[in-house]
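File shown here: entry-v1.pdb, holding PDB, C-alpha atoms, pLDDT in the B column.
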```pdb
ATOM      1  CA  MET A   1       0.000   0.000   0.000  1.00 46.00           C
ATOM      2  CA  LEU A   2       1.305   3.449  -0.928  1.00 49.00           C
ATOM      3  CA  ARG A   3       1.264   6.097   1.815  1.00 49.00           C
ATOM      4  CA  PHE A   4       2.191   9.737   1.302  1.00 46.00           C
ATOM      5  CA  GLN A   5       3.972  12.091   3.625  1.00 47.00           C
ATOM      6  CA  THR A   6       3.667  15.594   2.210  1.00 46.00           C
ATOM      7  CA  LEU A   7       7.018  17.376   2.206  1.00 45.00           C
ATOM      8  CA  GLY A   8       6.642  20.075  -0.453  1.00 45.00           C
ATOM      9  CA  VAL A   9       6.539  20.745  -4.175  1.00 47.00           C
ATOM     10  CA  VAL A  10       9.452  20.820  -6.608  1.00 44.00           C
ATOM     11  CA  SER A  11       9.069  22.044 -10.168  1.00 44.00           C
ATOM     12  CA  ASP A  12      11.531  22.114 -13.049  1.00 44.00           C
ATOM     13  CA  GLY A  13       8.993  23.293 -15.636  1.00 42.00           C
ATOM     14  CA  LYS A  14       8.387  19.791 -16.935  1.00 42.00           C
ATOM     15  CA  VAL A  15       7.548  17.766 -13.849  1.00 47.00           C
ATOM     16  CA  ASN A  16       5.833  18.766 -10.620  1.00 48.00           C
ATOM     17  CA  ILE A  17       6.725  16.494  -7.758  1.00 49.00           C
ATOM     18  CA  LEU A  18       4.647  16.470  -4.601  1.00 48.00           C
ATOM     19  CA  GLY A  19       5.715  14.990  -1.328  1.00 45.00           C
ATOM     20  CA  ALA A  20       7.612  11.869  -0.659  1.00 44.00           C
ATOM     21  CA  LEU A  21       5.903   8.566  -0.370  1.00 44.00           C
ATOM     22  CA  LEU A  22       7.085   6.472   2.505  1.00 49.00           C
ATOM     23  CA  ARG A  23       9.943   4.265   1.338  1.00 55.00           C
ATOM     24  CA  SER A  24      11.358   6.773  -1.217  1.00 71.00           C
ATOM     25  CA  LYS A  25       8.442   7.095  -3.613  1.00 77.00           C
ATOM     26  CA  ILE A  26       7.149  10.309  -5.179  1.00 82.00           C
ATOM     27  CA  LEU A  27       4.012  11.428  -6.975  1.00 83.00           C
ATOM     28  CA  ALA A  28       4.824  13.383 -10.139  1.00 83.00           C
ATOM     29  CA  CYS A  29       2.626  15.233 -12.602  1.00 80.00           C
ATOM     30  CA  THR A  30       4.203  15.621 -16.050  1.00 77.00           C
ATOM     31  CA  THR A  31       3.548  17.917 -19.011  1.00 76.00           C
ATOM     32  CA  SER A  32       2.397  14.885 -21.016  1.00 80.00           C
ATOM     33  CA  ARG A  33      -0.832  14.753 -18.918  1.00 83.00           C
ATOM     34  CA  ARG A  34       0.454  11.803 -16.899  1.00 82.00           C
ATOM     35  CA  LEU A  35       0.478  11.346 -13.149  1.00 84.00           C
ATOM     36  CA  SER A  36       3.099   8.831 -11.997  1.00 85.00           C
ATOM     37  CA  VAL A  37       4.208   7.178  -8.790  1.00 84.00           C
ATOM     38  CA  VAL A  38       7.965   6.634  -9.020  1.00 84.00           C
ATOM     39  CA  ASP A  39      10.312   4.634  -6.788  1.00 82.00           C
ATOM     40  CA  VAL A  40      13.317   6.913  -6.414  1.00 80.00           C
ATOM     41  CA  GLU A  41      15.722   4.272  -5.108  1.00 81.00           C
ATOM     42  CA  ARG A  42      15.159   1.845  -7.970  1.00 83.00           C
ATOM     43  CA  GLY A  43      14.241   4.387 -10.654  1.00 83.00           C
ATOM     44  CA  GLU A  44      11.070   2.500 -11.535  1.00 87.00           C
ATOM     45  CA  GLN A  45       7.627   3.775 -12.330  1.00 86.00           C
ATOM     46  CA  LEU A  46       5.214   1.922 -10.048  1.00 85.00           C
ATOM     47  CA  LEU A  47       1.937   3.383 -11.207  1.00 86.00           C
ATOM     48  CA  ALA A  48       0.796   5.743 -13.972  1.00 87.00           C
ATOM     49  CA  TYR A  49      -2.463   7.490 -14.753  1.00 88.00           C
ATOM     50  CA  ASP A  50      -2.642   8.716 -18.368  1.00 87.00           C
ATOM     51  CA  ASN A  51      -4.686  11.720 -19.538  1.00 84.00           C
ATOM     52  CA  CYS A  52      -5.660  12.838 -16.059  1.00 83.00           C
ATOM     53  CA  ALA A  53      -3.495  15.926 -15.392  1.00 81.00           C
ATOM     54  CA  ALA A  54      -3.263  19.349 -17.005  1.00 81.00           C
ATOM     55  CA  SER A  55      -0.381  19.865 -19.400  1.00 76.00           C
ATOM     56  CA  GLY A  56       1.457  23.077 -20.077  1.00 71.00           C
ATOM     57  CA  ARG A  57       4.665  24.936 -19.468  1.00 72.00           C
ATOM     58  CA  ASP A  58       3.627  26.241 -16.049  1.00 73.00           C
ATOM     59  CA  ARG A  59       3.329  24.612 -12.684  1.00 75.00           C
ATOM     60  CA  THR A  60       0.177  22.566 -12.179  1.00 80.00           C
ATOM     61  CA  GLY A  61      -1.682  21.840  -8.935  1.00 85.00           C
ATOM     62  CA  LEU A  62      -1.151  18.528  -7.175  1.00 88.00           C
ATOM     63  CA  ALA A  63      -2.022  17.609  -3.581  1.00 88.00           C
ATOM     64  CA  THR A  64      -2.373  14.605  -1.279  1.00 85.00           C
ATOM     65  CA  ASP A  65      -4.923  14.365   1.498  1.00 84.00           C
ATOM     66  CA  PRO A  66      -3.187  14.427   4.914  1.00 80.00           C
ATOM     67  CA  THR A  67      -6.106  12.582   6.565  1.00 79.00           C
ATOM     68  CA  SER A  68      -6.251   9.894   3.874  1.00 80.00           C
ATOM     69  CA  PRO A  69      -2.763   9.563   2.325  1.00 77.00           C
ATOM     70  CA  ASN A  70      -3.898   7.320  -0.533  1.00 84.00           C
ATOM     71  CA  ILE A  71      -6.079  10.098  -1.975  1.00 87.00           C
ATOM     72  CA  ALA A  72      -4.497  12.572  -4.404  1.00 89.00           C
ATOM     73  CA  VAL A  73      -5.968  15.457  -6.411  1.00 90.00           C
ATOM     74  CA  SER A  74      -4.533  17.036  -9.548  1.00 90.00           C
ATOM     75  CA  VAL A  75      -5.742  19.672 -11.974  1.00 89.00           C
ATOM     76  CA  ALA A  76      -7.838  18.016 -14.699  1.00 88.00           C
ATOM     77  CA  VAL A  77      -6.780  17.880 -18.356  1.00 86.00           C
ATOM     78  CA  ASN A  78      -8.815  20.986 -19.261  1.00 87.00           C
ATOM     79  CA  GLY A  79      -7.031  22.968 -16.516  1.00 86.00           C
ATOM     80  CA  LYS A  80     -10.303  24.143 -14.958  1.00 89.00           C
ATOM     81  CA  GLY A  81     -11.405  21.059 -13.008  1.00 90.00           C
ATOM     82  CA  LEU A  82     -10.011  18.382 -10.701  1.00 91.00           C
ATOM     83  CA  THR A  83      -9.035  14.739 -11.063  1.00 90.00           C
ATOM     84  CA  LEU A  84      -9.458  12.662  -7.902  1.00 91.00           C
ATOM     85  CA  LEU A  85      -7.249   9.611  -7.510  1.00 89.00           C
ATOM     86  CA  ASP A  86      -7.140   6.725  -5.074  1.00 89.00           C
ATOM     87  CA  LEU A  87      -3.550   5.501  -5.392  1.00 85.00           C
ATOM     88  CA  ARG A  88      -4.668   1.958  -4.547  1.00 86.00           C
ATOM     89  CA  MET A  89      -6.806   1.834  -7.724  1.00 87.00           C
ATOM     90  CA  PRO A  90      -5.677   1.522 -11.373  1.00 85.00           C
ATOM     91  CA  LEU A  91      -8.086   4.225 -12.684  1.00 85.00           C
ATOM     92  CA  PRO A  92      -8.939   7.763 -11.512  1.00 85.00           C
ATOM     93  CA  LEU A  93     -11.611   7.859  -8.818  1.00 84.00           C
ATOM     94  CA  ASP A  94     -13.635  10.810 -10.115  1.00 85.00           C
ATOM     95  CA  TYR A  95     -13.538  14.016 -12.172  1.00 86.00           C
ATOM     96  CA  VAL A  96     -14.858  17.464 -11.226  1.00 87.00           C
ATOM     97  CA  TYR A  97     -15.344  19.502 -14.394  1.00 86.00           C
ATOM     98  CA  ASP A  98     -15.246  23.305 -14.749  1.00 87.00           C
ATOM     99  CA  LEU A  99     -14.787  24.255 -11.124  1.00 89.00           C
ATOM    100  CA  HIS A 100     -13.091  27.504 -12.250  1.00 90.00           C
ATOM    101  CA  SER A 101     -13.546  29.694 -15.321  1.00 89.00           C
ATOM    102  CA  SER A 102      -9.752  30.109 -15.608  1.00 89.00           C
ATOM    103  CA  THR A 103      -6.824  27.742 -15.169  1.00 88.00           C
ATOM    104  CA  ILE A 104      -6.373  26.274 -11.687  1.00 89.00           C
ATOM    105  CA  ARG A 105      -2.829  27.038 -10.546  1.00 89.00           C
ATOM    106  CA  ASP A 106      -2.734  25.329  -7.138  1.00 90.00           C
ATOM    107  CA  ILE A 107      -4.651  22.944  -4.862  1.00 91.00           C
ATOM    108  CA  VAL A 108      -4.278  22.554  -1.094  1.00 89.00           C
ATOM    109  CA  PHE A 109      -6.177  20.516   1.495  1.00 87.00           C
ATOM    110  CA  LEU A 110      -7.476  22.519   4.458  1.00 83.00           C
ATOM    111  CA  GLU A 111      -6.860  21.488   8.059  1.00 78.00           C
ATOM    112  CA  SER A 112      -9.762  20.689  10.361  1.00 74.00           C
ATOM    113  CA  SER A 113      -9.464  24.041  12.193  1.00 72.00           C
ATOM    114  CA  TRP A 114     -10.824  25.908   9.165  1.00 75.00           C
ATOM    115  CA  PRO A 115     -14.565  26.653   9.297  1.00 74.00           C
ATOM    116  CA  TRP A 116     -15.318  24.854   6.016  1.00 74.00           C
ATOM    117  CA  ALA A 117     -13.411  21.701   6.888  1.00 69.00           C
ATOM    118  CA  THR A 118     -15.506  18.691   7.776  1.00 62.00           C
ATOM    119  CA  SER A 119     -15.182  17.483  11.335  1.00 52.00           C
ATOM    120  CA  SER A 120     -16.050  13.885  10.492  1.00 52.00           C
ATOM    121  CA  GLY A 121     -13.271  13.614   7.906  1.00 52.00           C
ATOM    122  CA  VAL A 122     -15.587  11.867   5.425  1.00 57.00           C
ATOM    123  CA  LEU A 123     -15.030  14.448   2.688  1.00 69.00           C
ATOM    124  CA  SER A 124     -11.860  16.487   2.803  1.00 83.00           C
ATOM    125  CA  THR A 125     -11.993  20.190   1.987  1.00 87.00           C
ATOM    126  CA  LEU A 126      -9.798  21.796  -0.683  1.00 89.00           C
ATOM    127  CA  ILE A 127      -8.875  25.343  -1.554  1.00 90.00           C
ATOM    128  CA  THR A 128      -8.033  26.037  -5.197  1.00 91.00           C
ATOM    129  CA  ALA A 129      -6.379  29.096  -6.713  1.00 90.00           C
ATOM    130  CA  GLY A 130      -7.290  30.213 -10.223  1.00 90.00           C
ATOM    131  CA  SER A 131      -5.020  32.229 -12.473  1.00 88.00           C
ATOM    132  CA  ASP A 132      -7.641  35.007 -12.538  1.00 89.00           C
ATOM    133  CA  GLY A 133      -7.295  35.568  -8.768  1.00 90.00           C
ATOM    134  CA  CYS A 134     -10.344  33.528  -7.763  1.00 91.00           C
ATOM    135  CA  CYS A 135      -9.973  31.142  -4.818  1.00 90.00           C
ATOM    136  CA  LYS A 136     -12.599  28.518  -4.116  1.00 91.00           C
ATOM    137  CA  VAL A 137     -13.093  26.381  -1.048  1.00 89.00           C
ATOM    138  CA  CYS A 138     -14.781  23.153  -2.112  1.00 89.00           C
ATOM    139  CA  THR A 139     -15.310  19.545  -1.155  1.00 87.00           C
ATOM    140  CA  MET A 140     -13.751  16.752  -3.174  1.00 84.00           C
ATOM    141  CA  ASP A 141     -17.056  16.114  -4.935  1.00 83.00           C
ATOM    142  CA  GLY A 142     -17.020  19.689  -6.332  1.00 85.00           C
ATOM    143  CA  ARG A 143     -19.463  21.441  -3.984  1.00 88.00           C
ATOM    144  CA  ILE A 144     -18.298  25.047  -3.634  1.00 90.00           C
ATOM    145  CA  LEU A 145     -18.454  26.195  -0.004  1.00 88.00           C
ATOM    146  CA  HIS A 146     -16.904  29.649  -0.350  1.00 88.00           C
ATOM    147  CA  THR A 147     -15.429  31.874  -3.087  1.00 91.00           C
ATOM    148  CA  PHE A 148     -13.223  34.916  -2.711  1.00 88.00           C
ATOM    149  CA  TYR A 149     -11.117  37.046  -5.064  1.00 89.00           C
ATOM    150  CA  SER A 150      -7.593  38.314  -4.510  1.00 86.00           C
ATOM    151  CA  GLY A 151      -7.765  40.953  -7.244  1.00 85.00           C
ATOM    152  CA  ARG A 152      -4.424  39.731  -8.611  1.00 86.00           C
ATOM    153  CA  HIS A 153      -3.050  36.860 -10.690  1.00 85.00           C
ATOM    154  CA  LEU A 154      -2.400  33.832  -8.421  1.00 84.00           C
ATOM    155  CA  ASN A 155       0.234  31.133  -8.741  1.00 85.00           C
ATOM    156  CA  THR A 156      -0.092  29.358  -5.417  1.00 84.00           C
ATOM    157  CA  VAL A 157      -2.180  29.217  -2.261  1.00 86.00           C
ATOM    158  CA  CYS A 158      -1.157  28.171   1.232  1.00 81.00           C
ATOM    159  CA  PRO A 159      -3.359  28.173   4.342  1.00 78.00           C
ATOM    160  CA  THR A 160      -1.881  29.374   7.593  1.00 71.00           C
ATOM    161  CA  PRO A 161      -0.282  26.600   9.658  1.00 65.00           C
ATOM    162  CA  ARG A 162      -1.781  28.015  12.865  1.00 65.00           C
ATOM    163  CA  THR A 163      -5.285  27.268  14.040  1.00 64.00           C
ATOM    164  CA  ILE A 164      -7.651  29.720  12.406  1.00 61.00           C
ATOM    165  CA  SER A 165      -9.016  32.368  14.775  1.00 55.00           C
ATOM    166  CA  ARG A 166     -12.667  33.307  15.208  1.00 49.00           C
ATOM    167  CA  ILE A 167     -11.866  36.951  14.321  1.00 42.00           C
ATOM    168  CA  PHE A 168     -10.684  35.874  10.852  1.00 43.00           C
ATOM    169  CA  VAL A 169     -13.779  33.714  10.343  1.00 42.00           C
ATOM    170  CA  LYS A 170     -16.075  36.690  11.089  1.00 39.00           C
ATOM    171  CA  TRP A 171     -14.049  38.865   8.690  1.00 41.00           C
ATOM    172  CA  VAL A 172     -14.204  36.332   5.821  1.00 46.00           C
ATOM    173  CA  LEU A 173     -17.841  35.358   6.294  1.00 44.00           C
TER     174      LEU A 173
END
```

The structure given in the file should be rewritten as structure tokens.
Amino acid sequence: MLRFQTLGVVSDGKVNILGALLRSKILACTTSRRLSVVDVERGEQLLAYDNCAASGRDRTGLATDPTSPNIAVSVAVNGKGLTLLDLRMPLPLDYVYDLHSSTIRDIVFLESSWPWATSSGVLSTLITAGSDGCCKVCTMDGRILHTFYSGRHLNTVCPTPRTISRIFVKWVL
């Protein structure tokens, strides 16, 4: 069984690598619309999902769920939706089409302290950043819980590592 431990994102313009799998494995999203699980020590590709990730010259969003390490999310082929993957299965789990009107640049899972995060952990909550400055908080099945605009072009999004305060929640809501 493959288990992720999120460590960060590395990008060389052709491959985005997210986190390190336990036992020296990585999840990589390539410009050829492929998502691969690679064993770094042996140099072997363990698993590949074709035509499930956005291609292009820029960085593409890729995230693993910290509460369920076998679940990964990448930007869909059209660049505006999401591809949900269970790394224990040979095919993608689900697709969420046209979540944004512009290209999704980044995806991050929210911690349970955020007001939109589910307390039961059944459906994890994501925040996505669009290239037009639109951020959307949504569940993995595509239900949009909150939308806000930065007013600027976005490349990445990162929630605060601290527990969210009630003052911030009142300001946002």

Under the rule that all atoms listed in the file are counted, which of A:Asn51, A:Asn78, A:Ser36, A:Thr67 is the nearest residue to Thr125 in chain A?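 For Thr125 in chain A, the nearest of the given residues is A:Thr67.
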
From the list A:Leu35, A:Arg105, A:Glu111, A:Gly56, the nearest residue to Cys135 in chain A using all atoms listed in the file is A:Arg105

Give me, as number ranges by chain, all polymer residues having an atom no more than 10 Å from Ile107 in chain A, counting all atoms listed in the file and skipping those fewer than 6 positions away in the same chain. A: 60-64, 73-75, 82, 126-130, 135-137, 156-158

On this structure, which residues satisfy the PyMOL selection byres ((chain A and resi 37) around 9), written as a count of residues only? 16

Kindly indicate which residue among A:Gly79, A:Pro159, A:Gly151, A:Gly142 lies nearest to Thr103 in chain A, using only C-alpha atoms for the distances.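 Going through A:Gly79, A:Pro159, A:Gly151, A:Gly142 one by one, the smallest distance to Thr103 in chain A is for A:Gly79.
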
Do you have the CA of Cys52 in chain A-CA of Asn155 in chain A distance handy?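 Answer for the CA of Cys52 in chain A to CA of Asn155 in chain A separation: 20.6 Å.
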
Between A:Val40, A:Ile71, A:Leu145, A:Leu154, which residue has the minimum interatomic distance to Ile104 in chain A, considering only C-alpha atoms?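 Checking each candidate against Ile104 in chain A, we get A:Leu154 as the closest.
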
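The gap separating CA of Ser55 in chain A from CA of Thr30 in chain A is 7.1 Å, in Å to one decimal.
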
I'd like the contact shell of Asp94 in chain A - 9 Å cut-off, all atoms listed in the file, skipping same-chain residues fewer than 6 positions apart - returned as a PyMOL selection string. chain A and resi 82-85+141

For the residues in the current selection, export C-alpha atoms as a short mmCIF file (atom, residue, chain, number, x, y, z; two decimals), keeping the file's coordinate frame.
```cif
data_model
loop_
_atom_site.label_atom_id
_atom_site.label_comp_id
_atom_site.auth_asym_id
_atom_site.auth_seq_id
_atom_site.Cartn_x
_atom_site.Cartn_y
_atom_site.Cartn_z
CA LEU A 82 -10.01 18.38 -10.70
CA THR A 83 -9.04 14.74 -11.06
CA LEU A 84 -9.46 12.66 -7.90
CA LEU A 85 -7.25 9.61 -7.51
CA ASP A 141 -17.06 16.11 -4.93
#
```

To one decimal place, how far is CA of Gly81 in chain A from CA of Val96 in chain A in Å? 5.3 Å

Which of A:Pro90, A:Ser24, A:Trp114, A:Pro66 sits closest to Gly43 in chain A [using all atoms listed in the file]: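 The shortest atom-to-atom distance to Gly43 in chain A comes from A:Ser24.
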